[in-house]
Amino acid sequence: MKVLPLAIIGTVIGVVISVLLIVTRTLPVRASEQAANIDYLYIFFLAFSGIIFAIVTLFLLVAVYRFRARPNDQREGKNVHGITWLEILWTAIPFVIVLACGIGGWYVLAKDDVYAAGQKDGQKIHIVGYQFGWKFDYLNADIALMEQDELVVPVGEPIAFDLTSNDVMHAFWVPAWRFQMSTLPTQTNYASVTPSKIGTYDVVCAYLCGVGHTGMNSAVEGSIIPKVRVVSAADFETWVAERKAEAEQADQTTTAEAA
Ligand SMILES: [Cu+2]
């Protein structure tokens, strides 16, 4: 069998595999403005993966069958020494694919400066990962550094996250937002998202971080990690006012106890 027809058959099978992969994936609900583009990027990668998988597997199977040693065949294999056009081809094709994936990723991830917008008019939130949970500090001027174990954010506002860890590596992941960022000790990472749907969404730690790792996934039964809550702007104001009142109350109690 010639190489070209084999490559064409491989591509056709690959396209079928890609379509199957794409239509059978059940992605979580899209709850951020960035989610759709991340999904398109994912589908784009998946399509390439399916085609490459089919071509490589087909050539492998054909080669194993065609060039197998027959019984009692003790001859040495033919000593093949370089085929320039093939080498150029197998360098050029992956180069183009990797470049296309790189450009796609760059386009989707750096498209608009949500982080700057979040810093300017949105919410600034500091996330600290620890064994085994998350701390959220709301850094906006009017809420001045407040610790909460629940992440509550207003819908439609860009959020600028600063993320770090106070022990080992974790990764803060909200699948519905298609948002994930590593939280690392001694380093601050920056990331942003614009929630687009009111509701509650799961929070997952994406790195195996110790014995309590599964508990850092709010979808796991028995986890004490609250889900992310996306609320209306008005509900967010109310929530902030409540937290402030609570903080004042706690302050007064401490002062009274001290006195
Ligand atoms: Cu973790």
# chains A, B, ... in the order shown; residues from 1 in each chain; ligands from 1
>>> residues_near_ligand(ligand="ligand 1", cutoff="10 Å", atoms="only C-alpha atoms and all ligand atoms", output="list in words")
Gly129, Tyr130, Gln131, Phe132, Gly133, Trp134, Ser165, Asp167, Val168, Met169, His170, Ala171, Phe172, Ser182, Thr183, Val204, Cys205, Ala206, Tyr207, Leu208, Cys209, Gly210, Val211, Gly212, His213, Thr214, Gly215, Met216 and Asn217 of chain A
>>> residues_around(residues="stretch 150-152 of chain A", least_positions_apart="3", cutoff="12 Å", atoms="only C-alpha atoms", output="number ranges by chain")
A: 123, 125-128, 133-138, 146-147, 155, 159, 161, 172, 174, 195, 198-203, 218, 224-233, 235-240, 243
>>> atom_distance(atom1="atom CA of A:Val153", atom2="atom CA of A:Trp177")
12.5 Å
>>> residues_around(residues="A:Gly105", least_positions_apart="3", cutoff="12 Å", atoms="only C-alpha atoms", output="mmCIF file with C-alpha atoms, in the first residue's frame")
data_model
loop_
_atom_site.group_PDB
_atom_site.id
_atom_site.type_symbol
_atom_site.label_atom_id
_atom_site.label_comp_id
_atom_site.auth_asym_id
_atom_site.auth_seq_id
_atom_site.Cartn_x
_atom_site.Cartn_y
_atom_site.Cartn_z
ATOM 1 C CA ASN A 37 -13.633 30.816 23.542
ATOM 2 C CA ILE A 38 -11.887 28.345 25.859
ATOM 3 C CA ASP A 39 -14.317 25.683 24.612
ATOM 4 C CA TYR A 40 -13.601 26.507 20.971
ATOM 5 C CA LEU A 41 -9.887 26.209 21.692
ATOM 6 C CA TYR A 42 -10.466 22.862 23.392
ATOM 7 C CA ILE A 43 -12.475 21.599 20.415
ATOM 8 C CA PHE A 44 -9.732 22.808 18.055
ATOM 9 C CA PHE A 45 -7.098 20.810 20.034
ATOM 10 C CA VAL A 98 2.048 23.359 17.173
ATOM 11 C CA LEU A 99 2.232 26.900 15.807
ATOM 12 C CA ALA A 100 -1.527 26.922 15.090
ATOM 13 C CA CYS A 101 -2.278 25.647 18.610
ATOM 14 C CA GLY A 102 0.087 28.219 20.103
ATOM 15 C CA VAL A 108 -7.936 33.184 23.384
ATOM 16 C CA LEU A 109 -5.980 33.797 26.580
ATOM 17 C CA ALA A 110 -4.576 37.253 25.826
ATOM 18 C CA LYS A 111 -7.522 38.571 23.838
#
>>> residues_around(residues="A:Phe179", least_positions_apart="6", cutoff="9 Å", atoms="only C-alpha atoms", output="mmCIF file with all heavy atoms, in the first residue's frame")
data_model
loop_
_atom_site.group_PDB
_atom_site.id
_atom_site.type_symbol
_atom_site.label_atom_id
_atom_site.label_comp_id
_atom_site.auth_asym_id
_atom_site.auth_seq_id
_atom_site.Cartn_x
_atom_site.Cartn_y
_atom_site.Cartn_z
ATOM 1 N N SER A 32 -19.057 31.955 32.272
ATOM 2 C CA SER A 32 -18.238 33.174 32.228
ATOM 3 C C SER A 32 -18.153 33.656 30.794
ATOM 4 O O SER A 32 -18.398 32.896 29.855
ATOM 5 C CB SER A 32 -16.832 32.913 32.780
ATOM 6 O OG SER A 32 -16.029 32.297 31.794
ATOM 7 N N GLN A 34 -15.564 34.299 29.226
ATOM 8 C CA GLN A 34 -14.404 33.708 28.561
ATOM 9 C C GLN A 34 -14.628 32.238 28.185
ATOM 10 O O GLN A 34 -13.862 31.672 27.410
ATOM 11 C CB GLN A 34 -13.171 33.813 29.478
ATOM 12 C CG GLN A 34 -12.655 35.216 29.706
ATOM 13 C CD GLN A 34 -13.510 36.026 30.672
ATOM 14 O OE1 GLN A 34 -14.217 35.491 31.519
ATOM 15 N NE2 GLN A 34 -13.474 37.347 30.548
ATOM 16 N N ALA A 35 -15.677 31.622 28.744
ATOM 17 C CA ALA A 35 -15.842 30.159 28.629
ATOM 18 C C ALA A 35 -15.990 29.682 27.185
ATOM 19 O O ALA A 35 -15.398 28.677 26.800
ATOM 20 C CB ALA A 35 -17.028 29.700 29.466
ATOM 21 N N PHE A 172 -6.494 26.616 41.818
ATOM 22 C CA PHE A 172 -7.881 27.031 41.998
ATOM 23 C C PHE A 172 -8.610 26.896 40.668
ATOM 24 O O PHE A 172 -8.254 27.548 39.689
ATOM 25 C CB PHE A 172 -7.912 28.491 42.487
ATOM 26 C CG PHE A 172 -9.300 28.970 42.792
ATOM 27 C CD1 PHE A 172 -9.913 28.625 43.982
ATOM 28 C CD2 PHE A 172 -9.994 29.764 41.890
ATOM 29 C CE1 PHE A 172 -11.205 29.058 44.266
ATOM 30 C CE2 PHE A 172 -11.278 30.198 42.161
ATOM 31 C CZ PHE A 172 -11.891 29.853 43.361
ATOM 32 N N TRP A 173 -9.629 26.037 40.662
ATOM 33 C CA TRP A 173 -10.291 25.704 39.399
ATOM 34 C C TRP A 173 -11.802 25.812 39.551
ATOM 35 O O TRP A 173 -12.379 25.194 40.439
ATOM 36 C CB TRP A 173 -9.885 24.280 38.998
ATOM 37 C CG TRP A 173 -10.443 23.800 37.699
ATOM 38 C CD1 TRP A 173 -10.853 24.553 36.657
ATOM 39 C CD2 TRP A 173 -10.645 22.432 37.304
ATOM 40 N NE1 TRP A 173 -11.299 23.748 35.627
ATOM 41 C CE2 TRP A 173 -11.183 22.449 35.997
ATOM 42 C CE3 TRP A 173 -10.414 21.200 37.931
ATOM 43 C CZ2 TRP A 173 -11.503 21.276 35.313
ATOM 44 C CZ3 TRP A 173 -10.728 20.038 37.236
ATOM 45 C CH2 TRP A 173 -11.266 20.088 35.939
ATOM 46 N N ALA A 191 -4.731 36.267 37.481
ATOM 47 C CA ALA A 191 -5.682 35.703 36.512
ATOM 48 C C ALA A 191 -6.990 36.462 36.640
ATOM 49 O O ALA A 191 -7.217 37.177 37.625
ATOM 50 C CB ALA A 191 -5.903 34.228 36.785
ATOM 51 N N SER A 192 -7.827 36.332 35.626
ATOM 52 C CA SER A 192 -9.069 37.097 35.660
ATOM 53 C C SER A 192 -10.194 36.345 34.965
ATOM 54 O O SER A 192 -9.954 35.455 34.155
ATOM 55 C CB SER A 192 -8.847 38.437 34.974
ATOM 56 O OG SER A 192 -8.364 38.211 33.663
ATOM 57 N N VAL A 193 -11.408 36.728 35.325
ATOM 58 C CA VAL A 193 -12.584 36.104 34.733
ATOM 59 C C VAL A 193 -13.759 37.069 34.872
ATOM 60 O O VAL A 193 -13.748 37.942 35.749
ATOM 61 C CB VAL A 193 -12.876 34.745 35.424
ATOM 62 C CG1 VAL A 193 -13.505 34.919 36.800
ATOM 63 C CG2 VAL A 193 -13.761 33.872 34.554
#
>>> closest_residue(among="A:Val16, A:Ala54, A:Ala258, A:Leu163", to="A:Pro185", atoms="only C-alpha atoms")
A:Leu163
>>> select_by_dssp(residues="stretch 115-195 of chain A", states="strand (DSSP E or B)", output="compact mmCIF listing (two decimals) with N, CA and C atoms, in the first residue's frame")
# COMPACT_ATOMS: atom_id res chain seq x y z
N GLN A 123 -13.78 43.65 40.63
CA GLN A 123 -13.45 43.17 41.97
C GLN A 123 -12.00 42.72 41.99
N LYS A 124 -11.33 43.05 43.09
CA LYS A 124 -9.96 42.56 43.27
C LYS A 124 -10.00 41.56 44.42
N ILE A 125 -9.64 40.33 44.13
CA ILE A 125 -9.76 39.29 45.15
C ILE A 125 -8.45 38.52 45.25
N HIS A 126 -8.02 38.34 46.49
CA HIS A 126 -6.78 37.62 46.77
C HIS A 126 -7.15 36.22 47.24
N ILE A 127 -6.64 35.20 46.56
CA ILE A 127 -6.95 33.83 46.95
C ILE A 127 -5.70 33.19 47.53
N VAL A 128 -5.86 32.57 48.70
CA VAL A 128 -4.76 31.81 49.29
C VAL A 128 -5.20 30.35 49.40
N GLY A 129 -4.45 29.47 48.77
CA GLY A 129 -4.70 28.04 48.91
C GLY A 129 -3.94 27.53 50.11
N TYR A 130 -4.53 26.60 50.85
CA TYR A 130 -3.82 26.00 51.98
C TYR A 130 -4.31 24.57 52.12
N GLY A 133 -8.00 23.98 51.95
CA GLY A 133 -9.12 24.89 51.69
C GLY A 133 -8.64 26.15 50.99
N TRP A 134 -9.53 27.14 50.93
CA TRP A 134 -9.20 28.40 50.26
C TRP A 134 -9.59 29.55 51.18
N LYS A 135 -8.77 30.62 51.13
CA LYS A 135 -9.13 31.87 51.82
C LYS A 135 -9.30 32.93 50.76
N PHE A 136 -10.31 33.76 50.93
CA PHE A 136 -10.58 34.82 49.96
C PHE A 136 -10.52 36.17 50.66
N ASP A 137 -9.67 37.06 50.19
CA ASP A 137 -9.62 38.42 50.71
C ASP A 137 -10.17 39.35 49.65
N TYR A 138 -11.15 40.14 50.03
CA TYR A 138 -11.72 41.12 49.10
C TYR A 138 -10.94 42.40 49.25
N GLU A 147 -11.48 38.42 55.46
CA GLU A 147 -11.31 37.00 55.16
C GLU A 147 -12.65 36.28 55.15
N GLN A 148 -12.84 35.51 54.12
CA GLN A 148 -14.06 34.72 53.99
C GLN A 148 -13.69 33.38 53.40
N VAL A 152 -17.98 34.88 46.96
CA VAL A 152 -19.22 35.44 46.44
C VAL A 152 -18.83 36.59 45.52
N VAL A 153 -19.33 36.59 44.31
CA VAL A 153 -18.97 37.64 43.35
C VAL A 153 -20.20 38.12 42.59
N PRO A 154 -20.17 39.39 42.17
CA PRO A 154 -21.29 39.90 41.39
C PRO A 154 -21.21 39.45 39.92
N ILE A 159 -13.27 40.24 37.30
CA ILE A 159 -12.60 40.01 38.59
C ILE A 159 -11.13 39.80 38.35
N ALA A 160 -10.31 40.54 39.08
CA ALA A 160 -8.86 40.36 39.02
C ALA A 160 -8.44 39.56 40.24
N PHE A 161 -7.92 38.36 40.00
CA PHE A 161 -7.48 37.50 41.10
C PHE A 161 -5.97 37.56 41.26
N ASP A 162 -5.52 37.66 42.51
CA ASP A 162 -4.11 37.43 42.84
C ASP A 162 -4.11 36.14 43.63
N LEU A 163 -3.31 35.18 43.21
CA LEU A 163 -3.37 33.87 43.86
C LEU A 163 -2.03 33.44 44.41
N THR A 164 -2.07 32.87 45.61
CA THR A 164 -0.85 32.34 46.19
C THR A 164 -1.21 31.18 47.13
N SER A 165 -0.18 30.58 47.73
CA SER A 165 -0.43 29.46 48.64
C SER A 165 0.41 29.67 49.88
N HIS A 170 -1.28 24.27 44.97
CA HIS A 170 -2.68 23.95 44.71
C HIS A 170 -3.02 24.63 43.38
N ALA A 171 -4.20 24.33 42.85
CA ALA A 171 -4.67 25.08 41.68
C ALA A 171 -6.15 25.35 41.86
N PHE A 172 -6.49 26.62 41.82
CA PHE A 172 -7.88 27.03 42.00
C PHE A 172 -8.61 26.90 40.67
N TRP A 173 -9.63 26.04 40.66
CA TRP A 173 -10.29 25.70 39.40
C TRP A 173 -11.80 25.81 39.55
N VAL A 174 -12.42 26.61 38.70
CA VAL A 174 -13.88 26.68 38.64
C VAL A 174 -14.26 26.24 37.21
N PHE A 179 -11.90 28.34 34.25
CA PHE A 179 -10.88 29.15 34.91
C PHE A 179 -10.05 28.26 35.82
N GLN A 180 -8.74 28.29 35.63
CA GLN A 180 -7.86 27.56 36.54
C GLN A 180 -6.54 28.29 36.66
N MET A 181 -6.05 28.44 37.88
CA MET A 181 -4.73 29.04 38.06
C MET A 181 -4.04 28.37 39.26
N SER A 182 -2.75 28.12 39.10
CA SER A 182 -1.98 27.52 40.18
C SER A 182 -1.84 28.49 41.33
N THR A 183 -1.92 27.99 42.54
CA THR A 183 -1.58 28.81 43.70
C THR A 183 -0.29 28.20 44.26
N PRO A 185 3.40 28.48 46.65
CA PRO A 185 4.05 29.17 47.75
C PRO A 185 5.13 30.12 47.21
N ASN A 189 0.39 34.60 41.48
CA ASN A 189 -0.06 34.49 40.09
C ASN A 189 -1.26 35.41 39.88
N TYR A 190 -1.44 35.84 38.65
CA TYR A 190 -2.54 36.76 38.34
C TYR A 190 -3.43 36.13 37.29
N ALA A 191 -4.73 36.27 37.48
CA ALA A 191 -5.68 35.70 36.51
C ALA A 191 -6.99 36.46 36.64
N SER A 192 -7.83 36.33 35.63
CA SER A 192 -9.07 37.10 35.66
C SER A 192 -10.19 36.35 34.96
N VAL A 193 -11.41 36.73 35.33
CA VAL A 193 -12.58 36.10 34.73
C VAL A 193 -13.76 37.07 34.87
N PRO A 195 -17.67 36.52 35.43
CA PRO A 195 -18.80 35.60 35.56
C PRO A 195 -20.01 36.16 34.79
>>> atom_distance(atom1="atom CA of A:Glu87", atom2="atom CA of A:Leu4")
15.3 Å
>>> atom_distance(atom1="atom CA of A:Thr26", atom2="atom CA of A:Ala219")
16.6 Å
>>> select_by_dssp(residues="stretch 136-252 of chain A", states="alpha helix (DSSP H)", output="list in words")
Ala233, Ala234, Asp235, Phe236, Glu237, Thr238, Trp239, Val240, Ala241, Glu242, Arg243, Lys244, Ala245, Glu246, Ala247, Glu248, Gln249, Ala250, Asp251 and Gln252 of chain A
>>> decode(residues="stretch 44-57 of chain A", atoms="all heavy atoms", output="JSON list (two decimals), in the first residue's frame")
[["chain", "number", "residue", "atom", "x", "y", "z"],
["A", 44, "PHE", "N", -10.79, 22.68, 19.06],
["A", 44, "PHE", "CA", -9.73, 22.81, 18.06],
["A", 44, "PHE", "C", -8.59, 21.82, 18.36],
["A", 44, "PHE", "O", -8.12, 21.08, 17.48],
["A", 44, "PHE", "CB", -9.27, 24.27, 18.11],
["A", 44, "PHE", "CG", -8.14, 24.66, 17.20],
["A", 44, "PHE", "CD1", -8.31, 24.65, 15.83],
["A", 44, "PHE", "CD2", -6.93, 25.09, 17.73],
["A", 44, "PHE", "CE1", -7.28, 25.06, 14.99],
["A", 44, "PHE", "CE2", -5.90, 25.51, 16.90],
["A", 44, "PHE", "CZ", -6.08, 25.48, 15.53],
["A", 45, "PHE", "N", -8.15, 21.75, 19.62],
["A", 45, "PHE", "CA", -7.10, 20.81, 20.03],
["A", 45, "PHE", "C", -7.57, 19.37, 19.87],
["A", 45, "PHE", "O", -6.84, 18.49, 19.43],
["A", 45, "PHE", "CB", -6.70, 21.03, 21.50],
["A", 45, "PHE", "CG", -5.91, 22.29, 21.74],
["A", 45, "PHE", "CD1", -5.64, 22.71, 23.03],
["A", 45, "PHE", "CD2", -5.43, 23.05, 20.69],
["A", 45, "PHE", "CE1", -4.91, 23.87, 23.27],
["A", 45, "PHE", "CE2", -4.70, 24.21, 20.92],
["A", 45, "PHE", "CZ", -4.44, 24.61, 22.22],
["A", 46, "LEU", "N", -8.84, 19.15, 20.27],
["A", 46, "LEU", "CA", -9.41, 17.81, 20.22],
["A", 46, "LEU", "C", -9.44, 17.31, 18.77],
["A", 46, "LEU", "O", -9.14, 16.14, 18.50],
["A", 46, "LEU", "CB", -10.83, 17.87, 20.80],
["A", 46, "LEU", "CG", -11.36, 16.63, 21.52],
["A", 46, "LEU", "CD1", -10.40, 16.18, 22.61],
["A", 46, "LEU", "CD2", -12.72, 16.93, 22.10],
["A", 47, "ALA", "N", -9.79, 18.19, 17.84],
["A", 47, "ALA", "CA", -9.88, 17.82, 16.43],
["A", 47, "ALA", "C", -8.50, 17.39, 15.92],
["A", 47, "ALA", "O", -8.36, 16.34, 15.30],
["A", 47, "ALA", "CB", -10.40, 19.00, 15.63],
["A", 48, "PHE", "N", -7.47, 18.17, 16.23],
["A", 48, "PHE", "CA", -6.11, 17.81, 15.83],
["A", 48, "PHE", "C", -5.71, 16.48, 16.44],
["A", 48, "PHE", "O", -5.13, 15.62, 15.78],
["A", 48, "PHE", "CB", -5.11, 18.88, 16.27],
["A", 48, "PHE", "CG", -4.93, 19.96, 15.25],
["A", 48, "PHE", "CD1", -5.15, 21.29, 15.57],
["A", 48, "PHE", "CD2", -4.53, 19.64, 13.95],
["A", 48, "PHE", "CE1", -4.97, 22.28, 14.63],
["A", 48, "PHE", "CE2", -4.35, 20.63, 13.00],
["A", 48, "PHE", "CZ", -4.58, 21.95, 13.35],
["A", 49, "SER", "N", -6.04, 16.31, 17.73],
["A", 49, "SER", "CA", -5.62, 15.10, 18.44],
["A", 49, "SER", "C", -6.24, 13.86, 17.80],
["A", 49, "SER", "O", -5.56, 12.85, 17.63],
["A", 49, "SER", "CB", -6.04, 15.16, 19.91],
["A", 49, "SER", "OG", -5.62, 16.36, 20.48],
["A", 50, "GLY", "N", -7.51, 13.94, 17.44],
["A", 50, "GLY", "CA", -8.20, 12.80, 16.84],
["A", 50, "GLY", "C", -7.58, 12.41, 15.51],
["A", 50, "GLY", "O", -7.35, 11.23, 15.23],
["A", 51, "ILE", "N", -7.28, 13.40, 14.69],
["A", 51, "ILE", "CA", -6.70, 13.14, 13.37],
["A", 51, "ILE", "C", -5.30, 12.55, 13.49],
["A", 51, "ILE", "O", -4.97, 11.54, 12.86],
["A", 51, "ILE", "CB", -6.70, 14.43, 12.52],
["A", 51, "ILE", "CG1", -8.15, 14.85, 12.23],
["A", 51, "ILE", "CG2", -5.93, 14.22, 11.21],
["A", 51, "ILE", "CD1", -8.30, 16.24, 11.64],
["A", 52, "ILE", "N", -4.48, 13.14, 14.36],
["A", 52, "ILE", "CA", -3.11, 12.64, 14.53],
["A", 52, "ILE", "C", -3.13, 11.22, 15.09],
["A", 52, "ILE", "O", -2.40, 10.34, 14.63],
["A", 52, "ILE", "CB", -2.29, 13.59, 15.44],
["A", 52, "ILE", "CG1", -2.09, 14.92, 14.71],
["A", 52, "ILE", "CG2", -0.94, 12.97, 15.81],
["A", 52, "ILE", "CD1", -1.58, 16.04, 15.58],
["A", 53, "PHE", "N", -4.00, 11.00, 16.06],
["A", 53, "PHE", "CA", -4.12, 9.67, 16.66],
["A", 53, "PHE", "C", -4.43, 8.63, 15.58],
["A", 53, "PHE", "O", -3.79, 7.57, 15.51],
["A", 53, "PHE", "CB", -5.22, 9.67, 17.74],
["A", 53, "PHE", "CG", -5.58, 8.30, 18.24],
["A", 53, "PHE", "CD1", -4.76, 7.66, 19.16],
["A", 53, "PHE", "CD2", -6.72, 7.65, 17.80],
["A", 53, "PHE", "CE1", -5.07, 6.38, 19.62],
["A", 53, "PHE", "CE2", -7.04, 6.38, 18.25],
["A", 53, "PHE", "CZ", -6.21, 5.74, 19.16],
["A", 54, "ALA", "N", -5.40, 8.94, 14.72],
["A", 54, "ALA", "CA", -5.82, 7.97, 13.69],
["A", 54, "ALA", "C", -4.69, 7.71, 12.70],
["A", 54, "ALA", "O", -4.41, 6.55, 12.36],
["A", 54, "ALA", "CB", -7.06, 8.49, 12.98],
["A", 55, "ILE", "N", -4.03, 8.75, 12.23],
["A", 55, "ILE", "CA", -2.96, 8.58, 11.23],
["A", 55, "ILE", "C", -1.82, 7.75, 11.82],
["A", 55, "ILE", "O", -1.36, 6.78, 11.22],
["A", 55, "ILE", "CB", -2.45, 9.94, 10.72],
["A", 55, "ILE", "CG1", -3.57, 10.65, 9.94],
["A", 55, "ILE", "CG2", -1.22, 9.78, 9.84],
["A", 55, "ILE", "CD1", -3.24, 12.06, 9.50],
["A", 56, "VAL", "N", -1.38, 8.11, 13.02],
["A", 56, "VAL", "CA", -0.25, 7.41, 13.64],
["A", 56, "VAL", "C", -0.61, 5.94, 13.88],
["A", 56, "VAL", "O", 0.17, 5.04, 13.56],
["A", 56, "VAL", "CB", 0.17, 8.11, 14.97],
["A", 56, "VAL", "CG1", 1.16, 7.26, 15.75],
["A", 56, "VAL", "CG2", 0.76, 9.48, 14.68],
["A", 57, "THR", "N", -1.81, 5.70, 14.43],
["A", 57, "THR", "CA", -2.21, 4.33, 14.74],
["A", 57, "THR", "C", -2.33, 3.50, 13.46],
["A", 57, "THR", "O", -1.88, 2.35, 13.41],
["A", 57, "THR", "CB", -3.55, 4.32, 15.50],
["A", 57, "THR", "OG1", -3.43, 5.24, 16.58],
["A", 57, "THR", "CG2", -3.88, 2.95, 16.04]]
